[in-house]
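The structure appears right after this line, and notes come after that.
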Amino acid sequence: MRKPKIVILGAGYGGLMTAVRLQKLVGVNEADIVLVNKNDYHYETTWLHEASAGTMHHDKVRYEIRNVIDKSKVEFVQDTVLEINKDEKKVILEKSEISYDYLVIAIGGEPETFGIKGLKEFAFGITNVNSSRQLREHMEYQFATYNMEEEKKEERLSIIVGGAGFTGIEFLGELTNRIPELCHEYDVDFNKVKIICVEAAPTVLPGFDPELVKYAVSQLERKGVEFLIGTAIKECTPEGIFVAKGEDEPHEIKAGTVVWAAGIRGNAIVEKSGFEAMRGRVKVQLDLRAPGHDDVFIIGDSALMINEEINRPYPPTAQIAMQQGETCARNLAALIRNKTDLETFKPDIKGTVCSLGEDDAIGVVFGKKIMGTKAAFMKKVVDNRSLYMIGGVPLVLKKGKLKFL
Ligand code: FAD
C-alpha cells in the first residue's frame with residue numbers, strides 16, 4: 001500500500017518542531033516525511049538582534065538541519081518554495097516540484113512596511129541570517145568610512161531604529177552594548193554617535209506592563225538612546241528618514257543606517273497560492289488546518305489565531321510557533337491513522353521576556369514581573385529551552401547560551 005506523503009515547508013520554529021515530533025510519533029512504514037527549507041540550516045530568529053548588532057557571530061545563531069532530524073524518517077530537501085498548487089496537491093520549488101497528501105506551511109513571516117515610501121529599498125531588516133549579517137557589516141562600514149573622509153559626515157554615525165516593539169527594543173539593547181566597542185575599534189568619539197528610536201504608537205512596547213516599560217526606557221536612555229514616541233516615519237531615503245508627529249509637517253533626520261523593526265505579516269507565498277489571508281496570515285481552524293483545506297496545516301507567523309479572551313489575534317511568536325508544531329505533528333499522526341477527532345490548539349503562554357542586552361532584560365514569567373539580571377538569566381533559559389526542545393542536551397551544549405550572567 002502507498003504510504004501517505006507529508007511535506008513540511010520551512011524549518012523554522014514551527015516546521016522543525018513538527019518534523020522532530022513527527023519522526024518520534026510515526027513509524028517508517030506509516031508515512032513519507034519530507035522537510036523543505038531554503039537553507040541547509042535553521043536559524044534562531046529570536047537571536048537575530050544579537051547577530052545584527054554584532055554582539056554575537058551569525059554562525060552561533062544557526063545549526064545544520066540534517067544534524068537534528070532522523071534521516072531514516074525525514075528526507076530533507078534544500079530548495080525554495082515558490083508557490084503551492086492546492087488543486088493538484090503539489091508545491092512548486094525553485095529547482096523541482098513535490099507532491100503531497102498532507103502539507104504543513106511553516107515558512108514564517110516577512111516585514112510589514114505599511115506602504116511607507118522607501119522602507120523596502122533603503123531600510124535594513126532583522127529577518128534572517130543574511131539581513132543580519134548585512135546590517136552588522138553596514139554599520140561597521142559607516143564607522144570605518146567616517147574616519148577616511150576629510151569632510152566628516154556626522155550622519156554616518158547615526159542609527160535610526162523604526163519601531164519600539166519587541167524586535168526594536170531587543171536590537172537597541174544589543175546595539176547600546178556594541179557601540180562602545182565599535183567606537184574603540186574604529187577610533188570614533190562615542191559622543192558623536194546617535195541612536196534614535198522612532199515609534200508611531202503612544203508608548204514603547206505596547207501591551208507590556210508600564211512599570212517594566214519605564215525601566216526599559218530609562219535603561220536604554222541611560223545608554224544613549226533617544227526615543228521619538230508618537231512619531232511616524234513618513235518616508236525613508238538613502239540619506240535618512242522623514243518623520244512627523246500628529247499633523248505636523250514632516251521633517252528630515254539624516255542617518256547612515258535605518259533599521260525597520262516594526263511589524264510583521266505572513267509570507268507572501270501564502271496569499272499568492274490562493275489562501276484567504278489578512279496581512280498575509282491565514283485565520284486557521286482550531287486544529288490548525290486552513291479553512292476548506294483538510295490536507296493543509298498552516299502554523300507560525302503565517303497563521304492567525306484569535307485570543308478569545310481579548311478578541312485580538314495572538315502575536316506571532318516563536319513560543320506559539322513551536323507549540324503549534326507539536327499539535328500539528330500529533331494531528332498529522334492521527335490523520336494518517338484515519339482518525340477524525342483532531343486536537344484543538346490552545347496556546348500555553350508561559351511568559352514573555354524582552355532582552356535589553358546581554359545582562360539586562362524585562363519580563364513577565366508565570367505571572368511574575370522580573371527585570372535586570374534576573375530577567376536576563378531567564379531570557380537565556382528560554383533561549384536554551386528552544387534548542388533543547390528541538391535537539392535535546394547535545395544541541396544545548398553545542399549552541400546554547402551557557403554563560404548565564
Ligand atoms: P521562522 O522561524 O521565521 O522560520 C521560517 C523558515 O522558513 C525559515 O527557516 C526560512 O528560511 C524558511 N523559509 C522562508 N521562506 C521560504 C521559502 N520560500 N522556501 C523555503 N523555505 C523558506 N518570539 C518569541 O516567542 N520570543 C522572543 O523573544 C522573540 N524575539 C524575537 C526577536 C527578533 C529579533 C525577531 C525578528 C523575532 C522574535 N520573535 C520572538 C518572533 C519569532 O522569531 C517568530 O514569531 C518565529 O520565528 C516564527 O516562527 P515560524 O516557524 O513561523 O518562522
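Going by the C-alpha cells order, chains are called A, B, ..., each with residues numbered from 1, while ligands are numbered from 1 in the order shown.
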
- Message: Can you tell me, as a ChimeraX atom specification, which residues in stretch 128-359 of chain A count as strand (DSSP E) by DSSP?
- Response: /A:158-162,194-199,225-229,231-237,240-245,251-254,257-260,264-266,282-283,289-290,293-298,303-304,306-307,312-313,351-355

- Query: Skipping near chain neighbours, those fewer than 2 positions away, what residues fall within 7 Å of stretch 227-237 of chain A using only C-alpha atoms, listed as a ChimeraX atom specification?
  - Reply: /A:116-119,122,196-203,225,239-245

- Between A:Pro394, A:Gly263, A:Pro206, A:Pro238, which one has atoms that come closest to ligand 1, using only C-alpha atoms and all ligand atoms?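 Smallest separation from ligand 1 among the options: A:Gly263.
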
- Tell me which of A:His49, A:Arg21, A:Lys194, A:Arg156 sits closest to ligand 1, counting only C-alpha atoms and all ligand atoms.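 Result for the nearest residue to ligand 1: A:His49.
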
- For atom 15 (N, counted along the ligand's line) of ligand 1 and atom CA of A:Gly351, quote the distance in Å rounded to one decimal.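 These atoms are spaced 27.4 Å apart.
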
- Select, from A:Met278, A:Leu395, A:Val91, A:Ile310, the residue with the minimum atom-to-atom distance to ligand 1, counting only C-alpha atoms and all ligand atoms. A:Val91

- Task: Excluding stretch 33-37 of chain A and residues on its chain fewer than 2 positions from it, collect all residues at most 10 Å away from it, counting only C-alpha atoms, and give them as number ranges by chain.
- Result: A: 3-12, 15-16, 18-19, 22-23, 26, 28, 30-31, 39-42, 65, 69, 71-81, 93, 98, 100, 102-104, 106-107

- Item | Residue with smallest distance to A:Gly162 - pool A:Thr317, A:Thr113, A:Gln324, A:Thr373, counting only C-alpha atoms | A:Thr113

- Task: Go through A:Val396, A:Val270, A:Val213, A:Ala318 one by one, measure the shortest atom-to-atom distance of each to A:Ile370 using only C-alpha atoms, and give the residue with the smallest value.
- Result: A:Val213

- Go through A:Ala277, A:Asp294, A:Met1, A:Leu172 and flag the residue nearest A:Gly224, using only C-alpha atoms for the distances.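 Between A:Ala277, A:Asp294, A:Met1, A:Leu172, the residue approaching A:Gly224 most closely is A:Leu172.
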
- Message: Applying 7 Å and only C-alpha atoms, which residues near A:Ile126 remain after dropping the ones on its own chain fewer than 3 positions away? List them as a list in words.
- Response: Leu48, His49, Ser52, Ser131, Ser132 and Ala261 of chain A

Could you turn the residues from that selection into a file that holds N, CA, C and O atoms, as a PDB file, in the first residue's frame?
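Saved file out.pdb follows:
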```pdb
ATOM      1  N   LEU A  48      18.359  36.974  16.351  1.00  0.00           N
ATOM      2  CA  LEU A  48      18.909  37.735  15.221  1.00  0.00           C
ATOM      3  C   LEU A  48      19.309  39.168  15.586  1.00  0.00           C
ATOM      4  O   LEU A  48      20.176  39.752  14.942  1.00  0.00           O
ATOM      5  N   HIS A  49      18.654  39.728  16.623  1.00  0.00           N
ATOM      6  CA  HIS A  49      19.039  41.090  17.028  1.00  0.00           C
ATOM      7  C   HIS A  49      20.490  41.112  17.504  1.00  0.00           C
ATOM      8  O   HIS A  49      21.179  42.116  17.353  1.00  0.00           O
ATOM      9  N   SER A  52      22.664  40.932  14.374  1.00  0.00           N
ATOM     10  CA  SER A  52      22.528  42.192  13.639  1.00  0.00           C
ATOM     11  C   SER A  52      23.374  43.293  14.278  1.00  0.00           C
ATOM     12  O   SER A  52      23.992  44.101  13.585  1.00  0.00           O
ATOM     13  N   SER A 131      20.217  39.100   6.268  1.00  0.00           N
ATOM     14  CA  SER A 131      19.911  40.506   6.555  1.00  0.00           C
ATOM     15  C   SER A 131      20.670  40.968   7.804  1.00  0.00           C
ATOM     16  O   SER A 131      21.125  42.109   7.870  1.00  0.00           O
ATOM     17  N   SER A 132      20.830  40.086   8.766  1.00  0.00           N
ATOM     18  CA  SER A 132      21.544  40.454   9.995  1.00  0.00           C
ATOM     19  C   SER A 132      23.023  40.712   9.709  1.00  0.00           C
ATOM     20  O   SER A 132      23.607  41.682  10.198  1.00  0.00           O
ATOM     21  N   ALA A 261      12.047  47.779  12.200  1.00  0.00           N
ATOM     22  CA  ALA A 261      11.779  46.650  13.108  1.00  0.00           C
ATOM     23  C   ALA A 261      10.354  46.716  13.624  1.00  0.00           C
ATOM     24  O   ALA A 261      10.070  46.348  14.760  1.00  0.00           O
TER      25      ALA A 261
END
```
